[in-house]
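Data from start.pdb: PDB, C-alpha atoms, pLDDT in the B column
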ATOM      1  CA  MET A   1     -32.161  47.805 109.083  1.00 48.00           C
ATOM      2  CA  LYS A   2     -32.189  45.741 112.289  1.00 48.00           C
ATOM      3  CA  THR A   3     -32.779  42.568 110.255  1.00 45.00           C
ATOM      4  CA  LEU A   4     -29.875  43.382 107.925  1.00 40.00           C
ATOM      5  CA  TRP A   5     -27.536  43.975 110.891  1.00 41.00           C
ATOM      6  CA  LEU A   6     -28.606  40.683 112.500  1.00 40.00           C
ATOM      7  CA  ALA A   7     -28.087  38.809 109.214  1.00 42.00           C
ATOM      8  CA  CYS A   8     -24.597  40.306 108.775  1.00 42.00           C
ATOM      9  CA  PHE A   9     -23.672  39.541 112.394  1.00 42.00           C
ATOM     10  CA  THR A  10     -24.898  35.934 112.073  1.00 43.00           C
ATOM     11  CA  CYS A  11     -22.962  35.411 108.823  1.00 44.00           C
ATOM     12  CA  GLY A  12     -19.838  36.846 110.462  1.00 45.00           C
ATOM     13  CA  ILE A  13     -20.118  34.478 113.418  1.00 43.00           C
ATOM     14  CA  LEU A  14     -20.734  31.482 111.163  1.00 43.00           C
ATOM     15  CA  GLY A  15     -17.797  32.539 109.010  1.00 44.00           C
ATOM     16  CA  LEU A  16     -15.477  32.693 112.018  1.00 45.00           C
ATOM     17  CA  GLY A  17     -16.631  29.305 113.249  1.00 44.00           C
ATOM     18  CA  GLY A  18     -16.169  27.784 109.815  1.00 45.00           C
ATOM     19  CA  CYS A  19     -12.442  28.582 109.600  1.00 52.00           C
ATOM     20  CA  ALA A  20     -10.953  25.116 109.829  1.00 59.00           C
ATOM     21  CA  GLY A  21      -7.317  26.137 109.480  1.00 85.00           C
ATOM     22  CA  THR A  22      -4.651  23.570 108.668  1.00 92.00           C
ATOM     23  CA  PRO A  23      -5.855  19.967 108.387  1.00 96.00           C
ATOM     24  CA  VAL A  24      -3.994  17.519 110.609  1.00 98.00           C
ATOM     25  CA  ASP A  25      -3.103  15.298 107.627  1.00 96.00           C
ATOM     26  CA  ARG A  26      -0.783  18.114 106.484  1.00 97.00           C
ATOM     27  CA  TYR A  27       1.676  16.629 109.047  1.00 98.00           C
ATOM     28  CA  GLN A  28       1.407  13.016 107.800  1.00 98.00           C
ATOM     29  CA  ALA A  29       5.028  12.895 106.612  1.00 98.00           C
ATOM     30  CA  GLU A  30       6.503  14.534 109.737  1.00 98.00           C
ATOM     31  CA  ARG A  31       8.677  12.454 112.055  1.00 98.00           C
ATOM     32  CA  PRO A  32       8.874  11.175 114.716  1.00 98.00           C
ATOM     33  CA  VAL A  33       5.360   9.747 114.549  1.00 97.00           C
ATOM     34  CA  LEU A  34       3.236  10.640 117.570  1.00 97.00           C
ATOM     35  CA  ASP A  35       1.723   7.594 119.243  1.00 95.00           C
ATOM     36  CA  LEU A  36      -0.240   8.815 122.282  1.00 95.00           C
ATOM     37  CA  ALA A  37      -0.004   5.459 124.049  1.00 95.00           C
ATOM     38  CA  ARG A  38       3.785   5.493 123.731  1.00 95.00           C
ATOM     39  CA  TYR A  39       4.394   9.156 124.615  1.00 97.00           C
ATOM     40  CA  PHE A  40       1.792   9.484 127.384  1.00 97.00           C
ATOM     41  CA  ASN A  41       2.992   6.458 129.308  1.00 97.00           C
ATOM     42  CA  GLY A  42       4.751   7.125 132.610  1.00 98.00           C
ATOM     43  CA  THR A  43       5.378  10.556 134.114  1.00 98.00           C
ATOM     44  CA  ILE A  44       5.423  13.706 132.009  1.00 98.00           C
ATOM     45  CA  ASP A  45       6.197  17.238 133.200  1.00 98.00           C
ATOM     46  CA  GLY A  46       4.690  20.251 131.497  1.00 98.00           C
ATOM     47  CA  TRP A  47       5.366  23.962 131.825  1.00 98.00           C
ATOM     48  CA  GLY A  48       2.968  26.443 130.324  1.00 98.00           C
ATOM     49  CA  MET A  49       1.220  29.786 130.311  1.00 98.00           C
ATOM     50  CA  PHE A  50      -2.130  31.296 129.472  1.00 97.00           C
ATOM     51  CA  GLN A  51      -2.102  34.515 127.427  1.00 98.00           C
ATOM     52  CA  ASP A  52      -5.189  36.649 126.899  1.00 97.00           C
ATOM     53  CA  ARG A  53      -6.128  37.802 123.403  1.00 96.00           C
ATOM     54  CA  SER A  54      -3.815  40.844 123.701  1.00 97.00           C
ATOM     55  CA  GLY A  55      -0.847  38.513 124.366  1.00 97.00           C
ATOM     56  CA  GLU A  56      -0.464  39.381 128.063  1.00 98.00           C
ATOM     57  CA  VAL A  57       0.597  36.404 130.195  1.00 98.00           C
ATOM     58  CA  ILE A  58      -2.173  35.979 132.788  1.00 96.00           C
ATOM     59  CA  LYS A  59      -1.109  32.730 134.471  1.00 97.00           C
ATOM     60  CA  ARG A  60       1.782  30.282 134.364  1.00 98.00           C
ATOM     61  CA  PHE A  61       1.713  26.671 135.506  1.00 98.00           C
ATOM     62  CA  HIS A  62       3.539  23.404 135.994  1.00 98.00           C
ATOM     63  CA  VAL A  63       1.657  20.154 135.414  1.00 98.00           C
ATOM     64  CA  VAL A  64       2.730  16.627 136.329  1.00 98.00           C
ATOM     65  CA  ILE A  65       0.941  13.925 134.344  1.00 98.00           C
ATOM     66  CA  ASP A  66       0.861  10.320 135.492  1.00 98.00           C
ATOM     67  CA  ALA A  67      -0.182   8.347 132.432  1.00 98.00           C
ATOM     68  CA  LYS A  68      -0.863   4.708 131.658  1.00 98.00           C
ATOM     69  CA  TRP A  69      -2.561   2.717 128.921  1.00 98.00           C
ATOM     70  CA  GLU A  70      -4.293  -0.642 128.972  1.00 97.00           C
ATOM     71  CA  LYS A  71      -6.315  -2.861 126.678  1.00 95.00           C
ATOM     72  CA  ARG A  72     -10.034  -2.952 127.476  1.00 95.00           C
ATOM     73  CA  ASP A  73     -12.005  -5.353 125.287  1.00 94.00           C
ATOM     74  CA  GLY A  74      -9.220  -5.137 122.709  1.00 93.00           C
ATOM     75  CA  VAL A  75      -9.231  -1.312 122.657  1.00 95.00           C
ATOM     76  CA  ASP A  76      -6.390   0.978 123.842  1.00 96.00           C
ATOM     77  CA  VAL A  77      -7.585   3.157 126.732  1.00 98.00           C
ATOM     78  CA  GLY A  78      -5.370   5.713 128.443  1.00 98.00           C
ATOM     79  CA  THR A  79      -5.684   7.491 131.772  1.00 98.00           C
ATOM     80  CA  LEU A  80      -3.870  10.823 132.098  1.00 98.00           C
ATOM     81  CA  ASP A  81      -3.949  12.125 135.679  1.00 98.00           C
ATOM     82  CA  GLU A  82      -2.935  15.799 135.434  1.00 98.00           C
ATOM     83  CA  ASN A  83      -1.952  17.765 138.567  1.00 98.00           C
ATOM     84  CA  PHE A  84      -1.536  21.513 138.031  1.00 98.00           C
ATOM     85  CA  ALA A  85       0.342  24.015 140.203  1.00 98.00           C
ATOM     86  CA  TRP A  86      -0.562  27.578 139.110  1.00 98.00           C
ATOM     87  CA  SER A  87       1.539  30.729 139.495  1.00 98.00           C
ATOM     88  CA  ASP A  88      -1.110  32.249 141.806  1.00 97.00           C
ATOM     89  CA  GLY A  89      -0.560  29.413 144.319  1.00 98.00           C
ATOM     90  CA  THR A  90      -3.699  27.430 143.437  1.00 96.00           C
ATOM     91  CA  THR A  91      -3.764  23.799 142.330  1.00 97.00           C
ATOM     92  CA  SER A  92      -6.141  21.801 140.178  1.00 96.00           C
ATOM     93  CA  ARG A  93      -6.527  18.314 138.790  1.00 98.00           C
ATOM     94  CA  ARG A  94      -7.977  16.844 135.588  1.00 98.00           C
ATOM     95  CA  VAL A  95      -8.181  13.133 134.835  1.00 98.00           C
ATOM     96  CA  TRP A  96      -8.574  12.257 131.160  1.00 98.00           C
ATOM     97  CA  THR A  97      -9.805   8.906 129.875  1.00 98.00           C
ATOM     98  CA  ILE A  98      -8.716   8.599 126.244  1.00 98.00           C
ATOM     99  CA  THR A  99      -9.858   5.843 123.895  1.00 98.00           C
ATOM    100  CA  ARG A 100      -8.191   5.050 120.588  1.00 97.00           C
ATOM    101  CA  VAL A 101     -10.966   4.784 117.989  1.00 97.00           C
ATOM    102  CA  ASP A 102      -8.707   3.731 115.096  1.00 96.00           C
ATOM    103  CA  ALA A 103      -5.156   4.313 113.849  1.00 93.00           C
ATOM    104  CA  SER A 104      -5.560   8.110 113.779  1.00 96.00           C
ATOM    105  CA  ARG A 105      -8.606   9.051 115.881  1.00 98.00           C
ATOM    106  CA  TYR A 106      -9.174   9.337 119.624  1.00 98.00           C
ATOM    107  CA  VAL A 107     -12.005  10.368 121.924  1.00 98.00           C
ATOM    108  CA  GLY A 108     -11.537  11.664 125.439  1.00 98.00           C
ATOM    109  CA  ARG A 109     -13.510  12.470 128.561  1.00 98.00           C
ATOM    110  CA  ALA A 110     -12.770  14.411 131.744  1.00 98.00           C
ATOM    111  CA  ASP A 111     -15.020  15.800 134.474  1.00 97.00           C
ATOM    112  CA  ASP A 112     -14.690  19.391 133.255  1.00 97.00           C
ATOM    113  CA  VAL A 113     -14.998  18.554 129.542  1.00 98.00           C
ATOM    114  CA  VAL A 114     -18.474  19.037 128.101  1.00 98.00           C
ATOM    115  CA  GLY A 115     -19.308  15.932 126.048  1.00 97.00           C
ATOM    116  CA  GLU A 116     -16.411  14.176 124.317  1.00 98.00           C
ATOM    117  CA  ALA A 117     -13.095  15.557 123.114  1.00 98.00           C
ATOM    118  CA  GLN A 118     -12.277  14.600 119.527  1.00 98.00           C
ATOM    119  CA  GLY A 119      -8.676  13.918 118.521  1.00 98.00           C
ATOM    120  CA  GLU A 120      -7.066  13.259 115.170  1.00 98.00           C
ATOM    121  CA  ALA A 121      -3.388  12.370 114.717  1.00 98.00           C
ATOM    122  CA  ALA A 122      -1.121  12.353 111.669  1.00 98.00           C
ATOM    123  CA  GLY A 123       2.661  12.181 111.584  1.00 98.00           C
ATOM    124  CA  ASN A 124       4.052  14.067 114.573  1.00 98.00           C
ATOM    125  CA  ALA A 125       0.841  16.060 115.249  1.00 98.00           C
ATOM    126  CA  LEU A 126      -2.417  15.678 117.132  1.00 98.00           C
ATOM    127  CA  ARG A 127      -5.370  18.034 116.879  1.00 98.00           C
ATOM    128  CA  TRP A 128      -7.570  17.795 119.950  1.00 97.00           C
ATOM    129  CA  ARG A 129     -10.906  19.688 120.039  1.00 98.00           C
ATOM    130  CA  TYR A 130     -13.207  19.967 123.028  1.00 98.00           C
ATOM    131  CA  VAL A 131     -15.353  22.253 125.168  1.00 98.00           C
ATOM    132  CA  LEU A 132     -14.016  22.938 128.666  1.00 97.00           C
ATOM    133  CA  ALA A 133     -16.239  24.088 131.547  1.00 97.00           C
ATOM    134  CA  LEU A 134     -13.887  26.799 132.824  1.00 92.00           C
ATOM    135  CA  PRO A 135     -14.519  28.528 136.175  1.00 90.00           C
ATOM    136  CA  VAL A 136     -13.917  32.296 135.966  1.00 86.00           C
ATOM    137  CA  ASP A 137     -14.752  34.739 138.767  1.00 90.00           C
ATOM    138  CA  GLY A 138     -17.404  32.521 140.353  1.00 93.00           C
ATOM    139  CA  ARG A 139     -19.060  31.565 137.054  1.00 95.00           C
ATOM    140  CA  VAL A 140     -18.506  28.655 134.694  1.00 96.00           C
ATOM    141  CA  TRP A 141     -17.967  29.365 130.990  1.00 95.00           C
ATOM    142  CA  ASN A 142     -18.050  26.675 128.304  1.00 97.00           C
ATOM    143  CA  VAL A 143     -14.977  27.499 126.216  1.00 97.00           C
ATOM    144  CA  ASP A 144     -13.982  25.911 122.896  1.00 98.00           C
ATOM    145  CA  PHE A 145     -10.408  24.575 122.775  1.00 98.00           C
ATOM    146  CA  ASP A 146      -8.549  23.877 119.537  1.00 98.00           C
ATOM    147  CA  ASP A 147      -5.512  22.076 120.871  1.00 97.00           C
ATOM    148  CA  TRP A 148      -2.477  21.154 118.710  1.00 98.00           C
ATOM    149  CA  MET A 149       0.362  18.938 119.933  1.00 98.00           C
ATOM    150  CA  TYR A 150       3.628  18.381 118.036  1.00 98.00           C
ATOM    151  CA  LEU A 151       6.096  15.660 118.979  1.00 98.00           C
ATOM    152  CA  ILE A 152       9.633  17.060 118.712  1.00 98.00           C
ATOM    153  CA  ASP A 153      11.540  13.940 119.792  1.00 98.00           C
ATOM    154  CA  ASP A 154      11.067  10.954 122.147  1.00 96.00           C
ATOM    155  CA  LYS A 155      11.098  13.243 125.213  1.00 98.00           C
ATOM    156  CA  VAL A 156       9.694  16.656 124.146  1.00 98.00           C
ATOM    157  CA  MET A 157       6.290  17.671 122.829  1.00 98.00           C
ATOM    158  CA  LEU A 158       5.009  21.219 122.247  1.00 98.00           C
ATOM    159  CA  ASN A 159       1.357  22.178 122.652  1.00 98.00           C
ATOM    160  CA  ARG A 160      -0.609  25.267 121.584  1.00 98.00           C
ATOM    161  CA  SER A 161      -4.281  25.737 122.362  1.00 98.00           C
ATOM    162  CA  ALA A 162      -6.550  28.450 121.016  1.00 98.00           C
ATOM    163  CA  MET A 163      -9.476  29.297 123.275  1.00 97.00           C
ATOM    164  CA  ARG A 164     -12.722  30.720 121.833  1.00 98.00           C
ATOM    165  CA  LYS A 165     -16.196  31.594 123.028  1.00 96.00           C
ATOM    166  CA  PHE A 166     -18.975  32.134 120.454  1.00 95.00           C
ATOM    167  CA  GLY A 167     -16.227  32.009 117.802  1.00 94.00           C
ATOM    168  CA  PHE A 168     -14.341  34.948 119.321  1.00 96.00           C
ATOM    169  CA  PRO A 169     -10.727  34.477 120.514  1.00 97.00           C
ATOM    170  CA  LEU A 170     -10.175  34.566 124.281  1.00 96.00           C
ATOM    171  CA  GLY A 171      -6.514  33.639 124.435  1.00 97.00           C
ATOM    172  CA  ASP A 172      -3.941  30.907 123.996  1.00 98.00           C
ATOM    173  CA  VAL A 173      -2.270  28.269 126.129  1.00 98.00           C
ATOM    174  CA  THR A 174       1.328  27.384 125.271  1.00 98.00           C
ATOM    175  CA  LEU A 175       2.845  24.294 126.849  1.00 98.00           C
ATOM    176  CA  SER A 176       6.051  22.266 126.688  1.00 98.00           C
ATOM    177  CA  PHE A 177       5.978  18.620 127.787  1.00 98.00           C
ATOM    178  CA  THR A 178       9.059  16.637 128.808  1.00 98.00           C
ATOM    179  CA  LYS A 179       8.848  12.905 129.408  1.00 98.00           C
ATOM    180  CA  ARG A 180      10.832  11.632 132.405  1.00 97.00           C
TER     181      ARG A 180
END

Rewrite the structure from the file as structure tokens, please.
Amino acid sequence: MKTLWLACFTCGILGLGGCAGTPVDRYQAERPVLDLARYFNGTIDGWGMFQDRSGEVIKRFHVVIDAKWEKRDGVDVGTLDENFAWSDGTTSRRVWTITRVDASRYVGRADDVVGEAQGEAAGNALRWRYVLALPVDGRVWNVDFDDWMYLIDDKVMLNRSAMRKFGFPLGDVTLSFTKR
């Protein structure tokens, strides 16, 4: 009986992890086309919130992103310097280094990202997947992020991130970016 329970539990976890959802190429025809190097160039303001899995808003934040792109050995490389001000009075900073792999794929690194973030763009959308080392109550949890960004117009982009641990939902981050 114990073996059967373990087998069912394992299949359930693998089944949850295997849910790919909507492929990014579904947005191929959507306009305006999102070009990360064009949108994330200059100063961008973002306002967002983290909701737990019940939907309760746990924290709100404002982020200011100073972004620039340059050619390095013929490859587009972006630096996004993110400065967060949280509703509880704390601040934090994340600096992304993003490299364009080809016309639709990106990889990214930051100090609190485990390994490399993988990004895929099509039309007005970008799907960004990564593992974030997230400090919670004195411990660090490696949390899976499935991050979707949608360009609305030249100035506004909306972002929704689903957070999971072991395939189980932890909550969502909702964010609105406005380019200065």

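We find atom CA of Val77 of chain A and atom CA of Asp112 of chain A to be spaced 18.9 Å apart.
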
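Ranking A:Trp141, A:Asp146, A:Met157, A:Phe40 by their shortest atom-to-atom distance to Trp96 of chain A, with only C-alpha atoms included, puts A:Phe40 first.
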
Next item on the list: Name the residues that the PyMOL selection byres ((chain A and resi 145) around 6) picks from the file above, as a list in words, using the file's chain letters and numbers.
Entry: Arg129, Tyr130, Val131, Asp144, Asp146, Asp147, Ala162 and Met163 of chain A

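The gap separating atom CA of Gly89 of chain A from atom CA of Arg109 of chain A is 26.5 Å, in Å to one decimal.
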
Next item on the list: Using the chain letters and numbering of this document, enumerate as a ChimeraX atom specification the residues selected by the PyMOL selection byres ((chain A and resi 47) around 6).
Entry: /A:46,48,61-62,175-176

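Put simply, atom CA of Val95 of chain A is 24.0 Å away from atom CA of Leu170 of chain A.
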
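Distance annotation: of A:Asp102, A:Glu120, A:Asp52, A:Asp76, the residue with the minimal separation from Pro169 of chain A is A:Asp52; atom set is all atoms listed in the file.
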
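Distance annotation: of A:Lys155, A:Arg26, A:Arg180, A:Lys165, the residue with the minimal separation from Val143 of chain A is A:Lys165; atom set is all atoms listed in the file.
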
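Comparing the minimum interatomic distances between Thr79 of chain A and each of A:Ile98, A:Leu36, A:Ala125, A:Ala133, counting only C-alpha atoms, we find that A:Ile98 sits nearest.
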
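Run against this file, the PyMOL selection byres ((chain A and resi 178) around 6) gives back Ile44, Asp45, Lys155, Val156, Phe177 and Lys179 of chain A.
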
Please write the residues from the selection above to a file, keeping C-alpha atoms, as a short mmCIF file (atom, residue, chain, number, x, y, z; two decimals), in the frame of the given file.
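That gives us part13.cif:
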data_model
loop_
_atom_site.label_atom_id
_atom_site.label_comp_id
_atom_site.auth_asym_id
_atom_site.auth_seq_id
_atom_site.Cartn_x
_atom_site.Cartn_y
_atom_site.Cartn_z
CA ILE A 44 5.42 13.71 132.01
CA ASP A 45 6.20 17.24 133.20
CA LYS A 155 11.10 13.24 125.21
CA VAL A 156 9.69 16.66 124.15
CA PHE A 177 5.98 18.62 127.79
CA LYS A 179 8.85 12.90 129.41
#

Show which residues sit within 12 Å of Tyr27 of chain A, as a compact mmCIF listing (two decimals) with C-alpha atoms, keeping the file's coordinate frame. Count only C-alpha atoms, and ignore same-chain residues fewer than 4 positions away.
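What landed in out.txt:
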# COMPACT_ATOMS: atom_id res chain seq x y z
CA THR A 22 -4.65 23.57 108.67
CA PRO A 23 -5.86 19.97 108.39
CA ARG A 31 8.68 12.45 112.06
CA PRO A 32 8.87 11.18 114.72
CA VAL A 33 5.36 9.75 114.55
CA LEU A 34 3.24 10.64 117.57
CA GLU A 120 -7.07 13.26 115.17
CA ALA A 121 -3.39 12.37 114.72
CA ALA A 122 -1.12 12.35 111.67
CA GLY A 123 2.66 12.18 111.58
CA ASN A 124 4.05 14.07 114.57
CA ALA A 125 0.84 16.06 115.25
CA LEU A 126 -2.42 15.68 117.13
CA ARG A 127 -5.37 18.03 116.88
CA TRP A 148 -2.48 21.15 118.71
CA MET A 149 0.36 18.94 119.93
CA TYR A 150 3.63 18.38 118.04
CA LEU A 151 6.10 15.66 118.98

Item checked: Contacts of Val57 of chain A at 12 Å (all atoms listed in the file; same-chain gap of 2+ positions) as a list in words -> Gly48, Met49, Phe50, Gln51, Asp52, Arg53, Ser54, Gly55, Lys59, Arg60, Phe61, Ser87, Gly171, Asp172, Val173 and Thr174 of chain A

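Nearest residue to Asp25 of chain A, choosing from A:Thr99, A:Thr91, A:Ser104, A:Asn83 and counting only C-alpha atoms: A:Ser104.
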
Notebook entry, point to check: With distances taken over all atoms listed in the file, which of A:Ser92, A:Thr97, A:Gln118, A:Ser161 is nearest to Val63 of chain A?
Noted result: A:Ser92
